[in-house]
file target.cif (mmCIF, C-alpha atoms and all ligand atoms)
data_coords
loop_
_atom_site.label_atom_id
_atom_site.label_comp_id
_atom_site.auth_asym_id
_atom_site.auth_seq_id
_atom_site.Cartn_x
_atom_site.Cartn_y
_atom_site.Cartn_z
CA MET A 29 -31.11 -14.45 19.68
CA SER A 30 -29.23 -14.53 16.40
CA ASP A 31 -29.96 -16.92 13.59
CA ILE A 32 -27.69 -19.93 13.29
CA PHE A 33 -25.09 -19.47 10.57
CA THR A 34 -23.48 -22.54 9.04
CA VAL A 35 -20.56 -22.57 6.63
CA ILE A 36 -18.58 -25.30 4.90
CA ALA A 37 -14.96 -24.60 4.01
CA PRO A 38 -12.29 -26.37 2.00
CA VAL A 39 -8.82 -27.66 2.69
CA ASN A 40 -5.96 -26.35 0.62
CA ILE A 41 -2.69 -28.06 -0.24
CA ALA A 42 0.28 -25.83 -0.91
CA VAL A 43 2.52 -26.19 -3.94
CA ILE A 44 4.87 -23.49 -2.62
CA LYS A 45 5.08 -24.21 1.08
CA TYR A 46 4.78 -21.81 3.96
CA TRP A 47 7.52 -22.65 6.46
CA GLY A 48 8.77 -20.17 9.06
CA LYS A 49 7.21 -17.19 10.82
CA ARG A 50 8.64 -13.70 11.04
CA ASP A 51 6.12 -12.93 13.81
CA GLU A 52 4.74 -15.77 15.92
CA GLU A 53 2.04 -13.73 17.63
CA LEU A 54 0.51 -12.34 14.43
CA ILE A 55 1.38 -15.48 12.44
CA LEU A 56 3.28 -13.61 9.76
CA PRO A 57 5.17 -15.87 7.38
CA LEU A 58 8.73 -15.55 6.16
CA ASN A 59 7.74 -16.28 2.59
CA ASP A 60 4.86 -16.15 0.12
CA SER A 61 3.09 -19.46 -0.50
CA VAL A 62 0.77 -20.80 -3.19
CA SER A 63 -1.91 -23.49 -2.93
CA ALA A 64 -4.86 -25.11 -4.61
CA THR A 65 -8.18 -25.18 -2.77
CA LEU A 66 -9.84 -28.61 -2.87
CA ASP A 67 -13.47 -29.45 -3.51
CA THR A 68 -15.71 -29.29 -0.44
CA SER A 69 -17.92 -32.07 -1.82
CA VAL A 70 -15.09 -34.47 -0.90
CA MET A 71 -13.30 -32.91 2.08
CA CYS A 72 -14.55 -30.04 4.20
CA ALA A 73 -14.94 -28.50 7.60
CA LYS A 74 -18.42 -27.47 8.68
CA THR A 75 -19.10 -24.89 11.38
CA SER A 76 -22.27 -23.48 12.91
CA VAL A 77 -22.27 -20.36 15.08
CA CYS A 78 -24.87 -18.36 16.96
CA ALA A 79 -24.96 -15.63 19.61
CA ARG A 80 -27.55 -15.21 22.39
CA PRO A 81 -28.13 -12.90 25.34
CA ASP A 82 -28.64 -15.87 27.69
CA PHE A 83 -25.39 -17.73 26.89
CA ASN A 84 -23.11 -17.49 29.94
CA GLU A 85 -19.85 -17.99 28.11
CA ASP A 86 -18.31 -18.53 24.69
CA GLU A 87 -18.37 -22.28 24.05
CA ILE A 88 -16.99 -24.53 21.35
CA TRP A 89 -17.51 -28.17 20.36
CA LEU A 90 -15.02 -29.73 17.93
CA ASN A 91 -15.70 -33.06 16.26
CA GLY A 92 -18.26 -33.96 18.93
CA LYS A 93 -16.12 -32.93 21.94
CA LYS A 94 -16.37 -29.82 24.06
CA GLU A 95 -13.09 -27.91 23.89
CA SER A 96 -11.77 -24.90 25.76
CA PHE A 97 -12.44 -21.49 24.25
CA SER A 98 -9.38 -20.15 26.04
CA ASN A 99 -7.14 -21.22 23.12
CA PRO A 100 -5.46 -17.89 22.23
CA ARG A 101 -5.78 -18.44 18.48
CA LEU A 102 -9.52 -18.92 18.80
CA GLN A 103 -9.77 -15.85 21.03
CA ASN A 104 -7.80 -13.79 18.50
CA CYS A 105 -10.09 -14.77 15.63
CA LEU A 106 -13.25 -13.89 17.58
CA ARG A 107 -11.79 -10.61 18.86
CA GLU A 108 -10.65 -9.53 15.37
CA ILE A 109 -13.99 -10.34 13.73
CA LYS A 110 -15.77 -8.32 16.43
CA SER A 111 -13.43 -5.38 15.96
CA ARG A 112 -14.04 -5.48 12.19
CA ALA A 113 -17.78 -5.49 12.89
CA THR A 114 -17.29 -2.46 15.11
CA ALA A 115 -15.23 -0.67 12.45
CA GLU A 116 -17.74 -1.53 9.73
CA LYS A 117 -20.66 -0.62 12.07
CA THR A 118 -22.53 -3.76 11.04
CA VAL A 119 -24.03 -4.71 14.43
CA ASP A 120 -24.71 -2.86 17.66
CA ASP A 121 -22.82 -3.11 20.96
CA THR A 122 -25.53 -5.20 22.61
CA PHE A 123 -25.20 -7.87 19.94
CA LEU A 124 -21.41 -7.74 20.28
CA SER A 125 -21.68 -8.36 24.02
CA TRP A 126 -23.61 -11.62 23.60
CA LYS A 127 -21.61 -14.83 23.99
CA VAL A 128 -21.24 -17.23 21.06
CA HIS A 129 -21.60 -20.96 20.63
CA VAL A 130 -19.52 -22.67 17.96
CA CYS A 131 -19.86 -26.25 16.77
CA SER A 132 -17.49 -27.59 14.15
CA GLN A 133 -16.59 -30.87 12.51
CA ASN A 134 -14.29 -32.16 9.78
CA ASN A 135 -15.17 -35.05 7.52
CA PHE A 136 -11.52 -36.17 7.36
CA PRO A 137 -8.72 -36.98 9.85
CA THR A 138 -7.54 -34.08 12.01
CA ALA A 139 -3.89 -33.18 12.57
CA ALA A 140 -2.48 -35.81 10.22
CA GLY A 141 -0.98 -33.30 7.88
CA LEU A 142 -4.27 -33.14 6.01
CA ALA A 143 -4.73 -29.40 6.43
CA SER A 144 -7.60 -29.86 8.86
CA SER A 145 -6.76 -26.73 10.84
CA ALA A 146 -6.72 -24.69 7.63
CA ALA A 147 -10.25 -25.76 6.74
CA GLY A 148 -11.37 -25.44 10.37
CA TYR A 149 -10.21 -21.87 10.91
CA ALA A 150 -11.30 -20.69 7.44
CA CYS A 151 -14.71 -22.12 8.28
CA LEU A 152 -14.89 -20.60 11.75
CA VAL A 153 -13.86 -17.15 10.59
CA THR A 154 -16.24 -17.17 7.61
CA ALA A 155 -19.12 -18.31 9.83
CA LEU A 156 -18.33 -15.59 12.40
CA ALA A 157 -18.11 -13.04 9.56
CA LYS A 158 -21.66 -14.04 8.55
CA LEU A 159 -22.86 -13.77 12.14
CA TYR A 160 -21.39 -10.28 12.60
CA LYS A 161 -22.12 -9.20 8.98
CA VAL A 162 -18.44 -8.46 8.25
CA LYS A 163 -18.01 -7.83 4.54
CA SER A 164 -14.27 -7.15 4.12
CA ASP A 165 -11.55 -9.73 3.37
CA VAL A 166 -11.22 -12.16 6.30
CA SER A 167 -8.10 -14.01 5.13
CA SER A 168 -5.94 -11.98 7.54
CA ILE A 169 -8.21 -13.06 10.41
CA ALA A 170 -8.19 -16.75 9.37
CA ARG A 171 -4.39 -16.41 9.36
CA LEU A 172 -4.50 -15.74 13.11
CA GLY A 173 -6.04 -19.19 13.62
CA SER A 174 -3.61 -21.15 11.49
CA GLY A 175 -1.36 -19.51 8.92
CA SER A 176 -2.33 -21.74 6.04
CA ALA A 177 -6.04 -21.17 6.84
CA CYS A 178 -5.90 -17.79 5.10
CA ARG A 179 -5.53 -19.59 1.77
CA SER A 180 -8.72 -21.63 2.37
CA VAL A 181 -10.77 -18.42 2.34
CA TYR A 182 -10.65 -18.44 -1.48
CA GLY A 183 -11.34 -21.09 -4.11
CA GLY A 184 -9.17 -22.10 -7.06
CA PHE A 185 -5.47 -21.27 -6.87
CA VAL A 186 -4.44 -18.91 -4.10
CA ARG A 187 -1.39 -16.91 -3.08
CA TRP A 188 -0.65 -15.88 0.47
CA HIS A 189 1.45 -12.73 0.35
CA ALA A 190 3.98 -12.67 3.17
CA GLY A 191 3.68 -8.88 3.30
CA THR A 192 6.12 -6.51 4.94
CA ASN A 193 4.01 -4.41 7.35
CA PRO A 194 4.84 -5.14 11.00
CA ASP A 195 1.12 -5.19 11.89
CA GLY A 196 0.42 -7.88 9.26
CA SER A 197 -2.14 -5.78 7.41
CA ASP A 198 -0.66 -6.77 4.02
CA SER A 199 -0.22 -10.46 4.90
CA ILE A 200 -3.34 -11.59 3.08
CA ALA A 201 -4.44 -14.20 0.58
CA THR A 202 -5.53 -13.38 -2.97
CA GLN A 203 -6.89 -15.57 -5.72
CA ILE A 204 -4.56 -16.37 -8.64
CA ALA A 205 -7.22 -18.14 -10.70
CA ASP A 206 -10.72 -19.30 -9.85
CA ALA A 207 -11.94 -22.88 -9.44
CA LYS A 208 -13.08 -23.11 -13.08
CA HIS A 209 -9.79 -21.94 -14.58
CA TRP A 210 -8.11 -25.38 -14.85
CA PRO A 211 -11.05 -27.80 -14.66
CA GLU A 212 -8.93 -30.85 -15.48
CA MET A 213 -6.77 -30.48 -12.37
CA ARG A 214 -7.19 -33.36 -9.90
CA ALA A 215 -5.65 -34.31 -6.58
CA LEU A 216 -5.11 -37.77 -5.12
CA ILE A 217 -4.41 -37.80 -1.42
CA LEU A 218 -2.63 -40.97 -0.40
CA VAL A 219 -3.31 -41.48 3.29
CA VAL A 220 -0.26 -43.18 4.76
CA GLY A 221 -0.95 -42.49 8.42
CA GLU A 222 -3.68 -40.84 10.43
CA SER A 223 -1.89 -40.43 13.74
CA LYS A 224 -1.08 -36.98 15.11
CA LYS A 225 2.20 -35.51 13.91
CA LYS A 226 5.14 -35.76 16.31
CA VAL A 227 6.44 -32.24 15.72
CA SER A 228 3.71 -29.61 15.32
CA SER A 229 4.19 -27.14 12.48
CA THR A 230 4.56 -24.34 15.06
CA LYS A 231 7.41 -26.13 16.83
CA GLY A 232 9.03 -27.31 13.58
CA MET A 233 9.00 -23.79 12.11
CA ARG A 234 10.54 -22.42 15.30
CA VAL A 235 13.43 -24.92 15.21
CA SER A 236 14.02 -24.35 11.47
CA MET A 237 14.04 -20.57 11.94
CA ALA A 238 16.55 -20.82 14.78
CA THR A 239 18.94 -23.32 13.23
CA SER A 240 18.61 -23.90 9.48
CA ASP A 241 20.88 -22.08 7.02
CA LEU A 242 19.00 -23.56 4.10
CA ILE A 243 15.78 -21.76 5.10
CA LYS A 244 17.50 -18.40 4.49
CA HIS A 245 18.54 -19.38 0.98
CA ARG A 246 15.06 -20.69 0.28
CA VAL A 247 13.33 -17.52 1.45
CA GLU A 248 15.66 -15.09 -0.27
CA TYR A 249 16.33 -16.88 -3.49
CA CYS A 250 14.16 -19.92 -4.25
CA VAL A 251 10.65 -18.92 -3.17
CA PRO A 252 10.43 -15.54 -4.94
CA LYS A 253 11.54 -17.13 -8.22
CA ARG A 254 9.37 -20.23 -7.85
CA THR A 255 6.32 -18.21 -6.86
CA GLU A 256 6.45 -16.14 -10.05
CA GLU A 257 7.14 -19.22 -12.15
CA ILE A 258 4.34 -21.33 -10.72
CA ILE A 259 1.82 -18.49 -11.03
CA LYS A 260 2.76 -18.24 -14.72
CA ALA A 261 2.45 -22.04 -15.08
CA ILE A 262 -1.01 -21.95 -13.45
CA LYS A 263 -2.19 -19.06 -15.64
CA GLU A 264 -0.90 -20.75 -18.80
CA LYS A 265 -2.02 -24.21 -17.62
CA ASN A 266 1.48 -25.57 -18.16
CA PHE A 267 1.29 -28.81 -16.18
CA ALA A 268 4.91 -29.96 -16.67
CA GLN A 269 6.21 -26.69 -15.26
CA PHE A 270 3.64 -26.68 -12.44
CA ALA A 271 4.60 -30.24 -11.50
CA GLU A 272 8.34 -29.71 -11.47
CA ILE A 273 8.14 -26.62 -9.24
CA THR A 274 5.66 -28.35 -6.90
CA MET A 275 7.91 -31.37 -6.39
CA LYS A 276 11.09 -29.34 -5.97
CA ASP A 277 9.44 -27.10 -3.41
CA SER A 278 8.11 -30.03 -1.37
CA ASN A 279 11.56 -31.62 -1.44
CA GLN A 280 13.15 -28.38 -0.28
CA PHE A 281 10.71 -27.95 2.59
CA HIS A 282 11.51 -31.46 3.87
CA SER A 283 15.23 -30.81 3.36
CA ILE A 284 14.87 -27.83 5.70
CA CYS A 285 13.36 -30.12 8.31
CA LEU A 286 16.49 -32.26 8.05
CA ASP A 287 18.73 -29.19 8.01
CA SER A 288 17.16 -28.07 11.30
CA TYR A 289 18.95 -28.92 14.53
CA PRO A 290 17.86 -31.24 16.00
CA PRO A 291 16.45 -32.52 12.72
CA PHE A 292 12.90 -33.82 12.40
CA VAL A 293 11.17 -35.78 9.67
CA TYR A 294 7.58 -35.93 8.49
CA MET A 295 8.00 -38.23 5.51
CA THR A 296 8.27 -41.99 6.09
CA ASP A 297 9.73 -44.81 3.97
CA VAL A 298 6.32 -45.13 2.34
CA SER A 299 6.34 -41.41 1.48
CA HIS A 300 9.78 -41.82 -0.11
CA TYR A 301 8.61 -44.83 -2.05
CA ILE A 302 5.75 -42.73 -3.45
CA VAL A 303 8.30 -40.10 -4.55
CA GLU A 304 10.29 -42.79 -6.35
CA LEU A 305 7.21 -44.19 -8.02
CA VAL A 306 6.09 -40.77 -9.29
CA HIS A 307 9.51 -40.12 -10.80
CA LYS A 308 9.50 -43.55 -12.47
CA TYR A 309 6.06 -42.89 -13.89
CA ASN A 310 7.06 -39.45 -15.16
CA ASP A 311 10.19 -40.92 -16.79
CA PHE A 312 8.01 -43.57 -18.43
CA CYS A 313 5.70 -40.82 -19.77
CA GLY A 314 8.65 -38.74 -20.98
CA GLU A 315 7.46 -35.63 -19.06
CA PRO A 316 6.02 -34.80 -15.64
CA LYS A 317 2.43 -36.05 -15.59
CA VAL A 318 2.11 -36.31 -11.80
CA ALA A 319 3.43 -34.06 -9.03
CA TYR A 320 3.78 -35.07 -5.38
CA THR A 321 3.77 -32.74 -2.44
CA PHE A 322 3.98 -33.53 1.30
CA ASP A 323 2.95 -31.29 4.22
CA ALA A 324 3.94 -31.80 7.85
CA GLY A 325 3.02 -35.50 7.76
CA PRO A 326 3.62 -38.67 5.75
CA ASN A 327 0.58 -38.37 3.45
CA ALA A 328 1.17 -37.54 -0.19
CA CYS A 329 -0.92 -35.20 -2.27
CA LEU A 330 -0.53 -35.97 -5.95
CA TYR A 331 -1.59 -33.31 -8.43
CA LEU A 332 -2.36 -34.58 -11.92
CA LEU A 333 -4.73 -33.95 -14.82
CA GLU A 334 -8.00 -35.84 -15.18
CA ASP A 335 -6.77 -37.99 -18.12
CA GLU A 336 -3.99 -39.46 -15.99
CA VAL A 337 -6.18 -40.48 -13.06
CA PRO A 338 -7.17 -44.01 -14.24
CA THR A 339 -3.62 -45.11 -15.06
CA VAL A 340 -2.10 -43.56 -11.95
CA ILE A 341 -4.76 -45.23 -9.79
CA SER A 342 -3.94 -48.57 -11.44
CA LEU A 343 -0.28 -48.02 -10.60
CA ILE A 344 -1.05 -47.13 -6.96
CA LYS A 345 -3.29 -50.19 -6.59
CA HIS A 346 -0.55 -52.36 -8.05
CA ALA A 347 2.26 -50.95 -5.88
CA PHE A 348 0.21 -50.64 -2.67
CA PRO A 349 -2.20 -53.57 -2.38
CA SER A 350 -5.07 -53.12 0.05
CA SER A 351 -6.91 -55.67 2.18
CA THR A 352 -10.10 -53.61 1.68
CA PRO A 353 -9.97 -52.91 -2.09
CA ASP A 354 -13.66 -51.89 -2.19
CA ARG A 355 -12.98 -48.98 0.17
CA PHE A 356 -9.51 -48.10 -1.10
CA ILE A 357 -10.46 -45.27 -3.45
CA THR A 358 -12.81 -42.65 -2.02
CA GLY A 359 -14.10 -39.30 -3.25
CA LEU A 360 -14.89 -38.54 -6.87
CA ASP A 361 -15.73 -41.41 -9.22
CA ILE A 362 -12.98 -42.64 -11.50
CA GLU A 363 -13.10 -43.91 -15.07
CA GLU A 364 -11.78 -47.41 -15.71
CA GLY A 365 -8.37 -47.70 -17.29
CA SER A 366 -5.13 -49.44 -16.54
CA LEU A 367 -1.53 -49.77 -17.57
CA SER A 368 -0.65 -53.21 -18.94
CA SER A 369 0.64 -55.68 -16.35
CA GLU A 370 4.01 -55.62 -18.09
CA VAL A 371 4.31 -51.86 -17.62
CA LEU A 372 3.03 -52.08 -14.05
CA ASN A 373 5.60 -54.72 -13.16
CA ASN A 374 8.35 -52.67 -14.73
CA LEU A 375 7.39 -49.60 -12.76
CA ALA A 376 6.84 -51.15 -9.33
CA GLN A 377 7.07 -54.25 -7.19
CA PRO A 378 3.92 -54.73 -5.08
CA GLN A 379 4.67 -53.71 -1.49
CA ALA A 380 3.28 -55.19 1.74
CA LYS A 381 -0.48 -54.75 2.16
CA ASP A 382 -2.09 -51.59 3.58
CA LEU A 383 0.94 -49.28 3.54
CA ILE A 384 -1.44 -46.78 2.01
CA LYS A 385 -4.65 -46.84 4.06
CA TYR A 386 -6.85 -45.24 1.41
CA VAL A 387 -6.85 -42.70 -1.38
CA ILE A 388 -9.00 -39.57 -1.63
CA HIS A 389 -9.75 -38.51 -5.20
CA THR A 390 -10.66 -34.85 -5.45
CA LYS A 391 -10.33 -31.72 -7.56
CA VAL A 392 -9.85 -27.98 -7.30
CA GLY A 393 -12.92 -26.29 -5.85
CA GLU A 394 -14.62 -23.19 -4.50
CA GLY A 395 -13.96 -21.30 -1.28
CA PRO A 396 -16.19 -21.33 1.85
CA THR A 397 -19.96 -21.31 1.33
CA GLU A 398 -22.90 -20.73 3.60
CA VAL A 399 -25.44 -23.55 3.82
CA ASN A 400 -29.00 -23.14 5.00
CA SER A 401 -29.69 -26.62 6.30
CA GLY A 402 -27.87 -29.28 8.30
CA HIS A 403 -26.92 -26.87 11.10
CA LEU A 404 -24.70 -28.37 13.80
CA LEU A 405 -26.39 -26.28 16.52
CA SER A 406 -30.05 -26.66 17.42
CA GLU A 407 -32.47 -23.83 18.23
CA ASP A 408 -31.40 -23.89 21.90
CA GLY A 409 -27.81 -23.20 20.80
CA LEU A 410 -26.49 -26.62 21.79
CA PRO A 411 -24.94 -29.21 19.45
CA VAL A 412 -27.49 -31.25 17.53
CA GLU A 413 -25.46 -34.39 18.22
CA LEU A 414 -23.95 -34.73 21.65
O1 LIG A 501 -0.80 -23.41 8.99
P1 LIG A 501 0.07 -24.38 9.68
O2 LIG A 501 0.69 -23.83 10.90
O3 LIG A 501 -0.63 -25.70 9.91
O4 LIG A 501 1.34 -24.71 8.74
C1 LIG A 501 1.22 -25.40 7.55
C2 LIG A 501 2.53 -25.69 6.96
C3 LIG A 501 2.54 -26.63 5.76
O5 LIG A 501 1.33 -27.33 5.65
C4 LIG A 501 3.63 -27.64 5.95
C5 LIG A 501 2.82 -25.86 4.48
C6 LIG A 501 1.69 -25.06 3.90
O6 LIG A 501 2.00 -24.06 3.24
O7 LIG A 501 0.51 -25.42 4.05
#
call {"tool": "encode", "arguments": {"input": "target.cif", "output": "C-alpha cells", "more": "lines below"}}
Ligand code: PMV
result
Amino acid sequence: MSDIFTVIAPVNIAVIKYWGKRDEELILPLNDSVSATLDTSVMCAKTSVCARPDFNEDEIWLNGKKESFSNPRLQNCLREIKSRATAEKTVDDTFLSWKVHVCSQNNFPTAAGLASSAAGYACLVTALAKLYKVKSDVSSIARLGSGSACRSVYGGFVRWHAGTNPDGSDSIATQIADAKHWPEMRALILVVGESKKKVSSTKGMRVSMATSDLIKHRVEYCVPKRTEEIIKAIKEKNFAQFAEITMKDSNQFHSICLDSYPPFVYMTDVSHYIVELVHKYNDFCGEPKVAYTFDAGPNACLYLLEDEVPTVISLIKHAFPSSTPDRFITGLDIEEGSLSSEVLNNLAQPQAKDLIKYVIHTKVGEGPTEVNSGHLLSEDGLPVEL
C-alpha cells in the first residue's frame, strides 16, 4: 500500500472577484481575479489520502461524513492528477489502478461564503499530487474542483489568470508576492451567518452571465484596469489604494448580483451596516485604513494593517455587542487598545446583540503544506474518527 499523505491548505479571500465562467465544464473564468491567502494556523482544510490494492472503490469522507465519490468535480480532479502522473512518469500503471481513500475536514464553517471549497479542493489536489508524485503546477487541476481553489495553491498574494486557450491550459494561478512581502497585512472575518447560501456561486454566475449587462462592462473595462492597479498597490504596499480597489470591486460584484434577472442577494442588512461603519471609520481617519470585501454570503472580510487591529476591534465590539464576549474574537492574539467612548459613540450606535456571531483574526500566510503527523486516515485506510 502507499503511505498516507496529509496536507493542510489555506482559504483565500479575493480582492478582485471571480464572477462568471466562459466554460462551465472546465471552470474557465470570464475575468482575472486577485486574492490574499490566509494563514493556515487559523483557518485551514486538512486532507489525508492513500491508495491500496485491496480498496474496492474510491471513497471519501468529508467533515466526518461519508460522501459520494461520483461528484464530477472530484472525479475530474482525480483523473487529471493521474494523467499528469502518467505524463510525468512518476508512478507505474499498477499504482495508478489502485483505488484511493480520501478523508478531509475544515476547521471553519462550510458553504457559508467562507471559501471552504477553495481550501478543500486545494488541499485535496495537493495531497493527491504528493501521493502520485506530481511535480508540476496543480493550480489548473484545483480549478476543476472549485474555480477559486486554484488561488489557494499558493501563499501570499495570488492572481488567477483567466487565460484565453479553449482547453484552459493558461488558466492558472501565479504568485504576485509571497507571504512575507507585506507582513503587517491582517484580515478580520466577521461571521454574520453560518447557514448555507441560498444561491450557489455556480447558479449565481450562470444567471449573471445570461442576464446582466453590467457584467460585460466589468469584464471588459473595470477588471483589467483594477487588476493592474491592485497588483501595483500590493507590490508598493500602498494600503489606501489597495483598500479602495478592494471595496469598489466587492461593491461591483454585489451590484452584478442585483443586476441579474431574477436578482439575488448575498449581503444582508448587517453586511450593509458593516460597509457603512467602515466608511465612517475611514472618513474619521482621513484615508482608507480598512477595506471590506464580501463573497457569496453575508460575512465580511476586512483587510487592514496590524496597527489598526486594536481600534477596529474596539469599534466592532462597540457596534455589535455579543452575549459571549469571551469567545467573540478568535484566531490570532490582539493587542489592547481602544478608541475613546466619545469617538465610538460618534461612529456607531450599538446594535442588537449577536448580529455578528464571532470574529476571526488572521493574516496573510503560506500555501498548502504537507504534515507528517495527525493523519485523518489510519493504517487500515479508514478514517481515524468515525
Ligand atoms: O470558486 P467558487 O465557485 O466558490 O466561486 C467563488 C466566487 C467568489 O467567492 C464570490 C469570488 C472569488 O473570487 O472568490
call {"tool": "residues_around", "arguments": {"input": "target.cif", "residues": "range 64-73 of chain A", "least_positions_apart": "6", "cutoff": "7 Å", "atoms": "only C-alpha atoms", "output": "number ranges by chain"}}
result
A: 36-42, 133-136, 147-148, 151, 180, 183-186, 359, 390-394
call {"tool": "write_last_selection", "arguments": {"input": "target.cif", "atoms": "C-alpha atoms", "output": "PDB file, in the frame of the given file"}}
result
ATOM      1  CA  ILE A  36     -18.580 -25.300   4.900  1.00  0.00           C
ATOM      2  CA  ALA A  37     -14.960 -24.600   4.010  1.00  0.00           C
ATOM      3  CA  PRO A  38     -12.290 -26.370   2.000  1.00  0.00           C
ATOM      4  CA  VAL A  39      -8.820 -27.660   2.690  1.00  0.00           C
ATOM      5  CA  ASN A  40      -5.960 -26.350   0.620  1.00  0.00           C
ATOM      6  CA  ILE A  41      -2.690 -28.060  -0.240  1.00  0.00           C
ATOM      7  CA  ALA A  42       0.280 -25.830  -0.910  1.00  0.00           C
ATOM      8  CA  GLN A 133     -16.590 -30.870  12.510  1.00  0.00           C
ATOM      9  CA  ASN A 134     -14.290 -32.160   9.780  1.00  0.00           C
ATOM     10  CA  ASN A 135     -15.170 -35.050   7.520  1.00  0.00           C
ATOM     11  CA  PHE A 136     -11.520 -36.170   7.360  1.00  0.00           C
ATOM     12  CA  ALA A 147     -10.250 -25.760   6.740  1.00  0.00           C
ATOM     13  CA  GLY A 148     -11.370 -25.440  10.370  1.00  0.00           C
ATOM     14  CA  CYS A 151     -14.710 -22.120   8.280  1.00  0.00           C
ATOM     15  CA  SER A 180      -8.720 -21.630   2.370  1.00  0.00           C
ATOM     16  CA  GLY A 183     -11.340 -21.090  -4.110  1.00  0.00           C
ATOM     17  CA  GLY A 184      -9.170 -22.100  -7.060  1.00  0.00           C
ATOM     18  CA  PHE A 185      -5.470 -21.270  -6.870  1.00  0.00           C
ATOM     19  CA  VAL A 186      -4.440 -18.910  -4.100  1.00  0.00           C
ATOM     20  CA  GLY A 359     -14.100 -39.300  -3.250  1.00  0.00           C
ATOM     21  CA  THR A 390     -10.660 -34.850  -5.450  1.00  0.00           C
ATOM     22  CA  LYS A 391     -10.330 -31.720  -7.560  1.00  0.00           C
ATOM     23  CA  VAL A 392      -9.850 -27.980  -7.300  1.00  0.00           C
ATOM     24  CA  GLY A 393     -12.920 -26.290  -5.850  1.00  0.00           C
ATOM     25  CA  GLU A 394     -14.620 -23.190  -4.500  1.00  0.00           C
TER      26      GLU A 394
END
call {"tool": "closest_residue", "arguments": {"input": "target.cif", "among": "A:Leu216, A:Ile262, A:Leu106, A:Ile204", "to": "Ile362 in chain A", "atoms": "only C-alpha atoms"}}
result
A:Leu216
call {"tool": "residues_near_ligand", "arguments": {"input": "target.cif", "ligand": "ligand LIG 501 (chain A)", "cutoff": "7 Å", "atoms": "only C-alpha atoms and all ligand atoms", "output": "ChimeraX atom specification"}}
result
/A:41-42,44-47,61,141,143,145-146,174-177,229-230,323-324
call {"tool": "atom_distance", "arguments": {"input": "target.cif", "atom1": "CA of Gly196 in chain A", "atom2": "CA of Asp241 in chain A"}}
result
25.0 Å
call {"tool": "axis_aligned_box", "arguments": {"input": "target.cif", "around": "range 204-223 of chain A", "padding_each_side": "8 Å", "output": "JSON"}}
result
{"center_x": -6.7, "center_y": -29.8, "center_z": -0.9, "size_x": 28.8, "size_y": 42.8, "size_z": 45.2}
call {"tool": "closest_residue", "arguments": {"input": "target.cif", "among": "A:Cys329, A:Ala268, A:Ile384, A:Leu405", "to": "Gly314 in chain A", "atoms": "only C-alpha atoms"}}
result
A:Ala268
call {"tool": "closest_residue", "arguments": {"input": "target.cif", "among": "A:Glu304, A:Ser278, A:Val337, A:Ser63", "to": "Thr202 in chain A", "atoms": "only C-alpha atoms"}}
result
A:Ser63
call {"tool": "closest_residue", "arguments": {"input": "target.cif", "among": "A:Lys74, A:Lys345, A:Arg171, A:Arg254", "to": "Thr34 in chain A", "atoms": "all atoms listed in the file"}}
result
A:Lys74
call {"tool": "atom_distance", "arguments": {"input": "target.cif", "atom1": "CA of Asn104 in chain A", "atom2": "CA of Val77 in chain A"}}
result
16.3 Å
call {"tool": "atom_distance", "arguments": {"input": "target.cif", "atom1": "CA of Ile32 in chain A", "atom2": "CA of Val412 in chain A"}}
result
12.1 Å
call {"tool": "closest_residue", "arguments": {"input": "target.cif", "among": "A:Tyr182, A:Ser98, A:Pro81, A:Asp31", "to": "Leu159 in chain A", "atoms": "all atoms listed in the file"}}
result
A:Asp31
call {"tool": "closest_residue", "arguments": {"input": "target.cif", "among": "A:Val43, A:Val35, A:Ala170, A:Leu56", "to": "Asn279 in chain A", "atoms": "only C-alpha atoms"}}
result
A:Val43
call {"tool": "residues_around", "arguments": {"input": "target.cif", "residues": "Asp121 in chain A", "least_positions_apart": "5", "cutoff": "12 Å", "atoms": "only C-alpha atoms", "output": "PyMOL selection string"}}
result
chain A and resi 81+110-111+113-115+126+160
call {"tool": "residues_around", "arguments": {"input": "target.cif", "residues": "Asp165 in chain A", "least_positions_apart": "4", "cutoff": "12 Å", "atoms": "all atoms listed in the file", "output": "PyMOL selection string"}}
result
chain A and resi 109+112+150+153-154+157+161+169-171+178-179+181-182+197-203
call {"tool": "decode", "arguments": {"input": "target.cif", "residues": "range 296-304 of chain A", "atoms": "N, CA and C atoms", "output": "mmCIF file, in the first residue's frame"}}
result
data_model
loop_
_atom_site.group_PDB
_atom_site.id
_atom_site.type_symbol
_atom_site.label_atom_id
_atom_site.label_comp_id
_atom_site.auth_asym_id
_atom_site.auth_seq_id
_atom_site.Cartn_x
_atom_site.Cartn_y
_atom_site.Cartn_z
ATOM 1 N N THR A 296 -26.578 41.002 3.688
ATOM 2 C CA THR A 296 -27.776 41.260 4.495
ATOM 3 C C THR A 296 -27.694 42.691 5.041
ATOM 4 N N ASP A 297 -28.715 43.065 5.828
ATOM 5 C CA ASP A 297 -28.693 44.393 6.463
ATOM 6 C C ASP A 297 -27.444 44.547 7.328
ATOM 7 N N VAL A 298 -27.063 43.469 7.993
ATOM 8 C CA VAL A 298 -25.867 43.538 8.844
ATOM 9 C C VAL A 298 -24.629 43.791 7.978
ATOM 10 N N SER A 299 -24.549 43.099 6.831
ATOM 11 C CA SER A 299 -23.414 43.323 5.922
ATOM 12 C C SER A 299 -23.366 44.797 5.521
ATOM 13 N N HIS A 300 -24.523 45.348 5.179
ATOM 14 C CA HIS A 300 -24.561 46.758 4.747
ATOM 15 C C HIS A 300 -24.193 47.709 5.881
ATOM 16 N N TYR A 301 -24.567 47.327 7.086
ATOM 17 C CA TYR A 301 -24.194 48.168 8.223
ATOM 18 C C TYR A 301 -22.672 48.151 8.419
ATOM 19 N N ILE A 302 -22.060 47.011 8.168
ATOM 20 C CA ILE A 302 -20.589 46.907 8.270
ATOM 21 C C ILE A 302 -19.941 47.834 7.229
ATOM 22 N N VAL A 303 -20.496 47.849 6.030
ATOM 23 C CA VAL A 303 -19.977 48.725 4.964
ATOM 24 C C VAL A 303 -20.019 50.183 5.441
ATOM 25 N N GLU A 304 -21.157 50.550 5.995
ATOM 26 C CA GLU A 304 -21.336 51.935 6.465
ATOM 27 C C GLU A 304 -20.313 52.275 7.551
#
